[in-house]
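Colleague: What follows is entry_25.cif; its format and atoms are mmCIF, C-alpha atoms.
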data_upload
loop_
_atom_site.group_PDB
_atom_site.id
_atom_site.type_symbol
_atom_site.label_atom_id
_atom_site.label_comp_id
_atom_site.auth_asym_id
_atom_site.auth_seq_id
_atom_site.Cartn_x
_atom_site.Cartn_y
_atom_site.Cartn_z
ATOM 1 C CA MET A 14 -8.047 10.146 -15.303
ATOM 2 C CA THR A 15 -7.789 10.589 -11.550
ATOM 3 C CA THR A 16 -6.691 13.819 -9.990
ATOM 4 C CA THR A 17 -4.301 13.907 -7.068
ATOM 5 C CA THR A 18 -5.485 15.428 -3.817
ATOM 6 C CA TYR A 19 -2.878 17.533 -2.047
ATOM 7 C CA TYR A 20 -2.876 17.977 1.725
ATOM 8 C CA THR A 21 -0.956 20.400 3.879
ATOM 9 C CA LEU A 22 0.328 19.144 7.204
ATOM 10 C CA ALA A 23 -2.145 21.516 8.886
ATOM 11 C CA GLU A 24 -5.053 19.958 6.946
ATOM 12 C CA ILE A 25 -3.951 16.488 8.004
ATOM 13 C CA SER A 26 -3.708 17.602 11.609
ATOM 14 C CA ASP A 27 -7.153 19.245 11.472
ATOM 15 C CA HIS A 28 -8.716 16.181 9.853
ATOM 16 C CA LEU A 29 -7.305 13.841 12.480
ATOM 17 C CA ARG A 30 -8.334 16.146 15.310
ATOM 18 C CA ASN A 31 -11.912 16.058 13.986
ATOM 19 C CA ASN A 32 -11.875 12.348 13.063
ATOM 20 C CA ALA A 33 -10.302 10.567 16.022
ATOM 21 C CA ASP A 34 -10.732 7.092 14.503
ATOM 22 C CA ASP A 35 -8.888 7.849 11.253
ATOM 23 C CA ILE A 36 -5.240 6.891 10.911
ATOM 24 C CA TRP A 37 -3.401 8.844 8.262
ATOM 25 C CA VAL A 38 0.345 8.376 7.798
ATOM 26 C CA VAL A 39 2.758 10.255 5.517
ATOM 27 C CA ILE A 40 5.410 8.211 3.697
ATOM 28 C CA ASN A 41 7.659 9.701 1.011
ATOM 29 C CA ASN A 42 5.397 12.761 0.785
ATOM 30 C CA ASN A 43 2.369 10.555 0.080
ATOM 31 C CA VAL A 44 -0.642 10.462 2.400
ATOM 32 C CA PHE A 45 -2.125 7.070 3.303
ATOM 33 C CA ASN A 46 -5.345 6.319 5.160
ATOM 34 C CA VAL A 47 -4.433 3.054 6.903
ATOM 35 C CA THR A 48 -7.501 2.986 9.170
ATOM 36 C CA LYS A 49 -8.865 -0.208 7.598
ATOM 37 C CA PHE A 50 -5.410 -1.843 7.567
ATOM 38 C CA ILE A 51 -4.586 -1.387 11.241
ATOM 39 C CA GLU A 52 -5.737 -4.848 12.373
ATOM 40 C CA GLU A 53 -3.934 -6.559 9.478
ATOM 41 C CA HIS A 54 -0.599 -4.749 9.899
ATOM 42 C CA PRO A 55 2.057 -7.452 10.508
ATOM 43 C CA GLY A 56 4.056 -5.117 12.751
ATOM 44 C CA GLY A 57 1.100 -4.518 15.043
ATOM 45 C CA GLU A 58 -1.297 -1.644 15.333
ATOM 46 C CA GLU A 59 0.927 0.228 17.792
ATOM 47 C CA VAL A 60 3.356 1.141 15.023
ATOM 48 C CA LEU A 61 0.649 2.777 12.924
ATOM 49 C CA LEU A 62 -0.947 4.485 15.907
ATOM 50 C CA GLU A 63 2.415 5.960 16.890
ATOM 51 C CA LEU A 64 2.882 7.390 13.378
ATOM 52 C CA ARG A 65 -0.675 8.734 13.091
ATOM 53 C CA GLY A 66 -0.513 12.155 11.440
ATOM 54 C CA LYS A 67 3.272 12.051 11.205
ATOM 55 C CA ASP A 68 5.902 11.352 8.593
ATOM 56 C CA GLY A 69 6.668 7.634 8.801
ATOM 57 C CA THR A 70 9.142 7.490 5.922
ATOM 58 C CA GLU A 71 12.190 6.686 8.018
ATOM 59 C CA ALA A 72 10.384 4.018 10.048
ATOM 60 C CA PHE A 73 8.923 2.488 6.877
ATOM 61 C CA GLU A 74 12.253 2.384 5.049
ATOM 62 C CA ASP A 75 14.209 1.139 8.086
ATOM 63 C CA VAL A 76 12.024 -1.942 8.336
ATOM 64 C CA GLY A 77 12.782 -2.861 4.717
ATOM 65 C CA HIS A 78 9.253 -3.587 3.539
ATOM 66 C CA SER A 79 8.876 -6.020 0.658
ATOM 67 C CA SER A 80 7.776 -4.984 -2.805
ATOM 68 C CA ASP A 81 4.442 -6.704 -2.045
ATOM 69 C CA ALA A 82 3.977 -4.463 0.991
ATOM 70 C CA LYS A 83 4.785 -1.389 -1.087
ATOM 71 C CA GLU A 84 2.305 -2.473 -3.734
ATOM 72 C CA LEU A 85 -0.410 -3.104 -1.127
ATOM 73 C CA MET A 86 0.289 0.307 0.340
ATOM 74 C CA LEU A 87 -0.804 1.985 -2.893
ATOM 75 C CA SER A 88 -4.396 0.896 -2.281
ATOM 76 C CA TYR A 89 -4.422 3.090 0.861
ATOM 77 C CA LYS A 90 -3.006 6.215 -0.792
ATOM 78 C CA ILE A 91 -5.398 9.150 -0.579
ATOM 79 C CA GLY A 92 -3.145 11.961 -1.746
ATOM 80 C CA GLU A 93 0.171 13.718 -1.534
ATOM 81 C CA ILE A 94 1.715 16.375 0.653
ATOM 82 C CA ALA A 95 1.295 19.902 -0.724
ATOM 83 C CA GLU A 96 4.445 21.380 -2.244
ATOM 84 C CA GLN A 97 5.057 23.868 0.585
ATOM 85 C CA ASP A 98 5.080 21.058 3.189
ATOM 86 C CA ARG A 99 7.084 18.463 1.291
ATOM 87 C CA ILE A 100 10.025 16.949 3.064
ATOM 88 C CA GLY A 101 13.313 16.507 1.232
ATOM 89 C CA TYR A 102 14.990 13.216 2.011
ATOM 90 C CA THR A 103 18.755 12.941 2.227
ATOM 91 C CA ARG A 104 18.829 9.299 1.269
ATOM 92 C CA LYS A 105 17.390 7.749 -1.848
ATOM 93 C CA GLU A 106 13.615 7.675 -1.806
ATOM 94 C CA SER A 107 11.778 4.632 -2.991
ATOM 95 C CA SER A 108 8.301 5.115 -4.303
ATOM 96 C CA PRO A 109 5.633 2.884 -2.849
ATOM 97 C CA GLY A 110 4.909 0.027 -5.200
ATOM 98 C CA VAL A 111 8.255 0.310 -6.936
ATOM 99 C CA SER A 112 11.025 -2.051 -6.013
ATOM 100 C CA SER A 113 13.741 -0.086 -4.274
ATOM 101 C CA SER A 114 17.418 -0.547 -4.826
ATOM 102 C CA ASN A 115 18.101 -1.441 -1.206
ATOM 103 C CA THR A 116 20.220 -4.489 -0.652
ATOM 104 C CA SER A 117 18.141 -6.219 2.012
ATOM 105 C CA GLY A 118 17.083 -8.917 -0.472
ATOM 106 C CA LEU A 119 20.677 -9.559 -1.427
ATOM 107 C CA ARG A 120 21.707 -9.594 2.227
ATOM 108 C CA ASN A 121 18.948 -12.078 3.012
ATOM 109 C CA PHE A 122 20.436 -14.356 0.370
ATOM 110 C CA LEU A 123 24.145 -13.875 1.047
ATOM 111 C CA ILE A 124 24.162 -14.288 4.825
ATOM 112 C CA PRO A 125 22.686 -17.827 4.816
ATOM 113 C CA LEU A 126 24.896 -18.734 1.854
ATOM 114 C CA LEU A 127 28.046 -17.598 3.656
ATOM 115 C CA CYS A 128 27.001 -19.424 6.835
ATOM 116 C CA GLY A 129 26.505 -22.595 4.819
ATOM 117 C CA LEU A 130 29.905 -22.239 3.149
ATOM 118 C CA ILE A 131 31.617 -21.709 6.493
ATOM 119 C CA ALA A 132 29.927 -24.832 7.863
ATOM 120 C CA VAL A 133 31.108 -26.874 4.863
ATOM 121 C CA VAL A 134 34.696 -25.597 5.239
ATOM 122 C CA ILE A 135 34.756 -26.400 8.959
ATOM 123 C CA TYR A 136 33.322 -29.857 8.329
ATOM 124 C CA ARG A 137 35.683 -30.632 5.442
ATOM 125 C CA TRP A 138 38.959 -29.337 6.882
ATOM 126 C CA VAL A 139 38.410 -29.634 10.654
ATOM 127 C CA ILE A 140 35.899 -32.380 11.483
ATOM 128 C CA ILE A 141 36.747 -34.980 8.819
ATOM 129 C CA PRO A 142 40.555 -34.918 9.415
ATOM 130 C CA ARG A 143 40.010 -35.627 13.129
ATOM 131 C CA PHE A 144 38.251 -38.911 12.367
ATOM 132 C CA SER A 145 40.544 -40.040 9.551
#
Mind converting the file's structure to structure tokens?

Modeller:
Amino acid sequence: MTTTTYYTLAEISDHLRNNADDIWVVINNNVFNVTKFIEEHPGGEEVLLELRGKDGTEAFEDVGHSSDAKELMLSYKIGEIAEQDRIGYTRKESSPGVSSSNTSGLRNFLIPLLCGLIAVVIYRWVIIPRFS
């Protein structure tokens, strides 16, 4: 059984001050060491460098990461934020590695479908009658 390591924000700050090459990011009150992932990050290393030592929950959720990305993220988790430093989120949190209930997947399906239906309607009732 593994034990969870808890970090205060001060401990994270101290660690990063003393280890300039490490990149730790906080997402949903979890601490991730993404140092080895920086070159592979599809959004570029700048994003991770900008969030180094900070809470990146909003940025992470706004991008709408896939469930695969959330699952991969778990391999970089090194601990959690200590209770006294936890941040309460006003919107629904989604745990890394767990499929969230956001609708981006549905939107990604519906938008092309609606565009296709509109094209069919225009073709059927506008284009075809002109040439009949």

Colleague: Of the residues A:Ile51, A:Arg143, A:Pro125, A:Ile91, which is the one nearest to Thr16 of chain A, using all atoms listed in the file?

Modeller: A:Ile91

Colleague: Pick out the closest residue to Ile36 of chain A from this set: A:Gly101, A:Pro142, A:Gly129, A:Gly66. Count only C-alpha atoms.

Modeller: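 Of all the options, A:Gly66 lies closest to Ile36 of chain A.
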
Colleague: Name the residues in contact with segment 94-97 of chain A at a cut-off of 9 Å, using all atoms listed in the file, excluding same-chain residues fewer than 2 positions from it; report them as a PDB file with C-alpha atoms, in the frame of the given file.

Modeller:
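Saved the output as result_14.pdb:
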ATOM      1  CA  THR A  18      -5.485  15.428  -3.817  1.00  0.00           C
ATOM      2  CA  TYR A  19      -2.878  17.533  -2.047  1.00  0.00           C
ATOM      3  CA  TYR A  20      -2.876  17.977   1.725  1.00  0.00           C
ATOM      4  CA  THR A  21      -0.956  20.400   3.879  1.00  0.00           C
ATOM      5  CA  LEU A  22       0.328  19.144   7.204  1.00  0.00           C
ATOM      6  CA  VAL A  39       2.758  10.255   5.517  1.00  0.00           C
ATOM      7  CA  ASN A  41       7.659   9.701   1.011  1.00  0.00           C
ATOM      8  CA  ASN A  42       5.397  12.761   0.785  1.00  0.00           C
ATOM      9  CA  ASN A  43       2.369  10.555   0.080  1.00  0.00           C
ATOM     10  CA  VAL A  44      -0.642  10.462   2.400  1.00  0.00           C
ATOM     11  CA  GLY A  92      -3.145  11.961  -1.746  1.00  0.00           C
ATOM     12  CA  ARG A  99       7.084  18.463   1.291  1.00  0.00           C
ATOM     13  CA  ILE A 100      10.025  16.949   3.064  1.00  0.00           C
TER      14      ILE A 100
END

Colleague: From the options A:Ala23, A:Leu123, A:Ala132, A:Leu61, which residue's atoms come nearest to Trp37 of chain A, counting all atoms listed in the file?

Modeller: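 That would be A:Leu61, the residue with the smallest distance to Trp37 of chain A.
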
Colleague: Quick one, how far is atom CA of Thr15 of chain A from atom CA of Glu84 of chain A?

Modeller: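 Atom-to-atom, atom CA of Thr15 of chain A and atom CA of Glu84 of chain A are spaced 18.3 Å apart.
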
Colleague: Given the point (-10.6, 7.6, 12.4) in the coordinates of this file, which residues lie within 12 Å, counting only C-alpha atoms, and how would they look as a PyMOL selection string?

Modeller: chain A and resi 25+28-38+46-51+62+65-66

Colleague: Which one of A:Phe144, A:Gly57, A:Val133, A:Ile40 sits closest to Gly69 of chain A if you count only C-alpha atoms?

Modeller: A:Ile40

Colleague: Compare A:Asn121, A:Leu130, A:Thr17, A:Val139 by their minimum atom-to-atom distance to Ser79 of chain A, counting all atoms listed in the file, and give me the closest one.

Modeller: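 The answer is A:Asn121, which sits nearest to Ser79 of chain A.
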
Colleague: What is the atom CA of Lys83 of chain A-atom CA of Glu58 of chain A distance in Å, reported with one decimal?

Modeller: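 That distance, rounded to one decimal, is 17.5 Å.
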
Colleague: Could you tell me how far atom CA of Pro55 of chain A lies from atom CA of Glu71 of chain A, in Å and to one decimal?

Modeller: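 For atom CA of Pro55 of chain A relative to atom CA of Glu71 of chain A, the distance reads 17.6 Å.
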
Colleague: Could I get segment 83-94 of chain A rebuilt with all heavy atoms, written as a JSON list (two decimals), in the coordinates of the input?

Modeller:
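out-v1.json written:
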[["chain", "number", "residue", "atom", "x", "y", "z"],
["A", 83, "LYS", "N", 4.83, -2.70, -0.43],
["A", 83, "LYS", "CA", 4.78, -1.39, -1.09],
["A", 83, "LYS", "C", 3.65, -1.32, -2.10],
["A", 83, "LYS", "O", 3.00, -0.29, -2.26],
["A", 83, "LYS", "CB", 6.12, -1.08, -1.74],
["A", 83, "LYS", "CG", 7.22, -0.85, -0.72],
["A", 83, "LYS", "CD", 8.56, -0.62, -1.38],
["A", 83, "LYS", "CE", 9.64, -0.45, -0.32],
["A", 83, "LYS", "NZ", 10.96, -0.22, -0.89],
["A", 84, "GLU", "N", 3.40, -2.43, -2.77],
["A", 84, "GLU", "CA", 2.31, -2.47, -3.73],
["A", 84, "GLU", "C", 0.95, -2.40, -3.02],
["A", 84, "GLU", "O", 0.06, -1.67, -3.43],
["A", 84, "GLU", "CB", 2.40, -3.75, -4.56],
["A", 84, "GLU", "CG", 1.45, -3.79, -5.72],
["A", 84, "GLU", "CD", 1.68, -5.00, -6.61],
["A", 84, "GLU", "OE1", 2.85, -5.36, -6.84],
["A", 84, "GLU", "OE2", 0.68, -5.60, -7.04],
["A", 85, "LEU", "N", 0.82, -3.13, -1.91],
["A", 85, "LEU", "CA", -0.41, -3.10, -1.13],
["A", 85, "LEU", "C", -0.67, -1.70, -0.59],
["A", 85, "LEU", "O", -1.81, -1.23, -0.55],
["A", 85, "LEU", "CB", -0.32, -4.10, 0.03],
["A", 85, "LEU", "CG", -1.46, -4.10, 1.03],
["A", 85, "LEU", "CD1", -2.77, -4.52, 0.35],
["A", 85, "LEU", "CD2", -1.15, -5.02, 2.20],
["A", 86, "MET", "N", 0.39, -1.03, -0.22],
["A", 86, "MET", "CA", 0.29, 0.31, 0.34],
["A", 86, "MET", "C", -0.40, 1.28, -0.62],
["A", 86, "MET", "O", -1.12, 2.18, -0.19],
["A", 86, "MET", "CB", 1.70, 0.79, 0.66],
["A", 86, "MET", "CG", 1.76, 1.97, 1.57],
["A", 86, "MET", "SD", 3.43, 2.20, 2.17],
["A", 86, "MET", "CE", 4.07, 3.28, 0.93],
["A", 87, "LEU", "N", -0.20, 1.09, -1.90],
["A", 87, "LEU", "CA", -0.80, 1.98, -2.89],
["A", 87, "LEU", "C", -2.32, 2.03, -2.79],
["A", 87, "LEU", "O", -2.93, 3.06, -3.08],
["A", 87, "LEU", "CB", -0.38, 1.57, -4.30],
["A", 87, "LEU", "CG", 1.07, 1.84, -4.68],
["A", 87, "LEU", "CD1", 1.37, 1.27, -6.06],
["A", 87, "LEU", "CD2", 1.36, 3.32, -4.62],
["A", 88, "SER", "N", -2.93, 0.92, -2.37],
["A", 88, "SER", "CA", -4.40, 0.90, -2.28],
["A", 88, "SER", "C", -4.91, 1.79, -1.14],
["A", 88, "SER", "O", -6.10, 2.10, -1.09],
["A", 88, "SER", "CB", -4.90, -0.53, -2.10],
["A", 88, "SER", "OG", -4.43, -1.08, -0.88],
["A", 89, "TYR", "N", -4.03, 2.22, -0.25],
["A", 89, "TYR", "CA", -4.42, 3.09, 0.86],
["A", 89, "TYR", "C", -4.04, 4.55, 0.64],
["A", 89, "TYR", "O", -4.30, 5.40, 1.48],
["A", 89, "TYR", "CB", -3.80, 2.58, 2.17],
["A", 89, "TYR", "CG", -4.31, 1.22, 2.55],
["A", 89, "TYR", "CD1", -3.59, 0.07, 2.26],
["A", 89, "TYR", "CD2", -5.55, 1.07, 3.17],
["A", 89, "TYR", "CE1", -4.06, -1.19, 2.59],
["A", 89, "TYR", "CE2", -6.04, -0.19, 3.51],
["A", 89, "TYR", "CZ", -5.29, -1.31, 3.21],
["A", 89, "TYR", "OH", -5.78, -2.55, 3.53],
["A", 90, "LYS", "N", -3.43, 4.84, -0.51],
["A", 90, "LYS", "CA", -3.01, 6.22, -0.79],
["A", 90, "LYS", "C", -4.22, 7.09, -1.08],
["A", 90, "LYS", "O", -5.07, 6.75, -1.90],
["A", 90, "LYS", "CB", -2.05, 6.24, -1.99],
["A", 90, "LYS", "CG", -1.53, 7.63, -2.30],
["A", 90, "LYS", "CD", -0.53, 7.61, -3.44],
["A", 90, "LYS", "CE", -0.13, 9.04, -3.81],
["A", 90, "LYS", "NZ", 0.81, 9.07, -4.91],
["A", 91, "ILE", "N", -4.27, 8.22, -0.37],
["A", 91, "ILE", "CA", -5.40, 9.15, -0.58],
["A", 91, "ILE", "C", -4.93, 10.49, -1.13],
["A", 91, "ILE", "O", -5.76, 11.33, -1.47],
["A", 91, "ILE", "CB", -6.20, 9.37, 0.73],
["A", 91, "ILE", "CG1", -5.29, 9.89, 1.84],
["A", 91, "ILE", "CG2", -6.90, 8.08, 1.14],
["A", 91, "ILE", "CD1", -6.02, 10.34, 3.09],
["A", 92, "GLY", "N", -3.64, 10.70, -1.21],
["A", 92, "GLY", "CA", -3.14, 11.96, -1.75],
["A", 92, "GLY", "C", -1.66, 12.14, -1.51],
["A", 92, "GLY", "O", -0.95, 11.19, -1.18],
["A", 93, "GLU", "N", -1.23, 13.37, -1.71],
["A", 93, "GLU", "CA", 0.17, 13.72, -1.53],
["A", 93, "GLU", "C", 0.27, 14.98, -0.68],
["A", 93, "GLU", "O", -0.68, 15.73, -0.55],
["A", 93, "GLU", "CB", 0.84, 13.97, -2.89],
["A", 93, "GLU", "CG", 0.89, 12.74, -3.77],
["A", 93, "GLU", "CD", 1.54, 13.01, -5.12],
["A", 93, "GLU", "OE1", 2.16, 14.08, -5.31],
["A", 93, "GLU", "OE2", 1.45, 12.14, -5.99],
["A", 94, "ILE", "N", 1.46, 15.18, -0.14],
["A", 94, "ILE", "CA", 1.72, 16.38, 0.65],
["A", 94, "ILE", "C", 1.84, 17.57, -0.30],
["A", 94, "ILE", "O", 2.48, 17.48, -1.34],
["A", 94, "ILE", "CB", 3.01, 16.22, 1.49],
["A", 94, "ILE", "CG1", 2.81, 15.14, 2.55],
["A", 94, "ILE", "CG2", 3.44, 17.52, 2.12],
["A", 94, "ILE", "CD1", 1.79, 15.49, 3.61]]
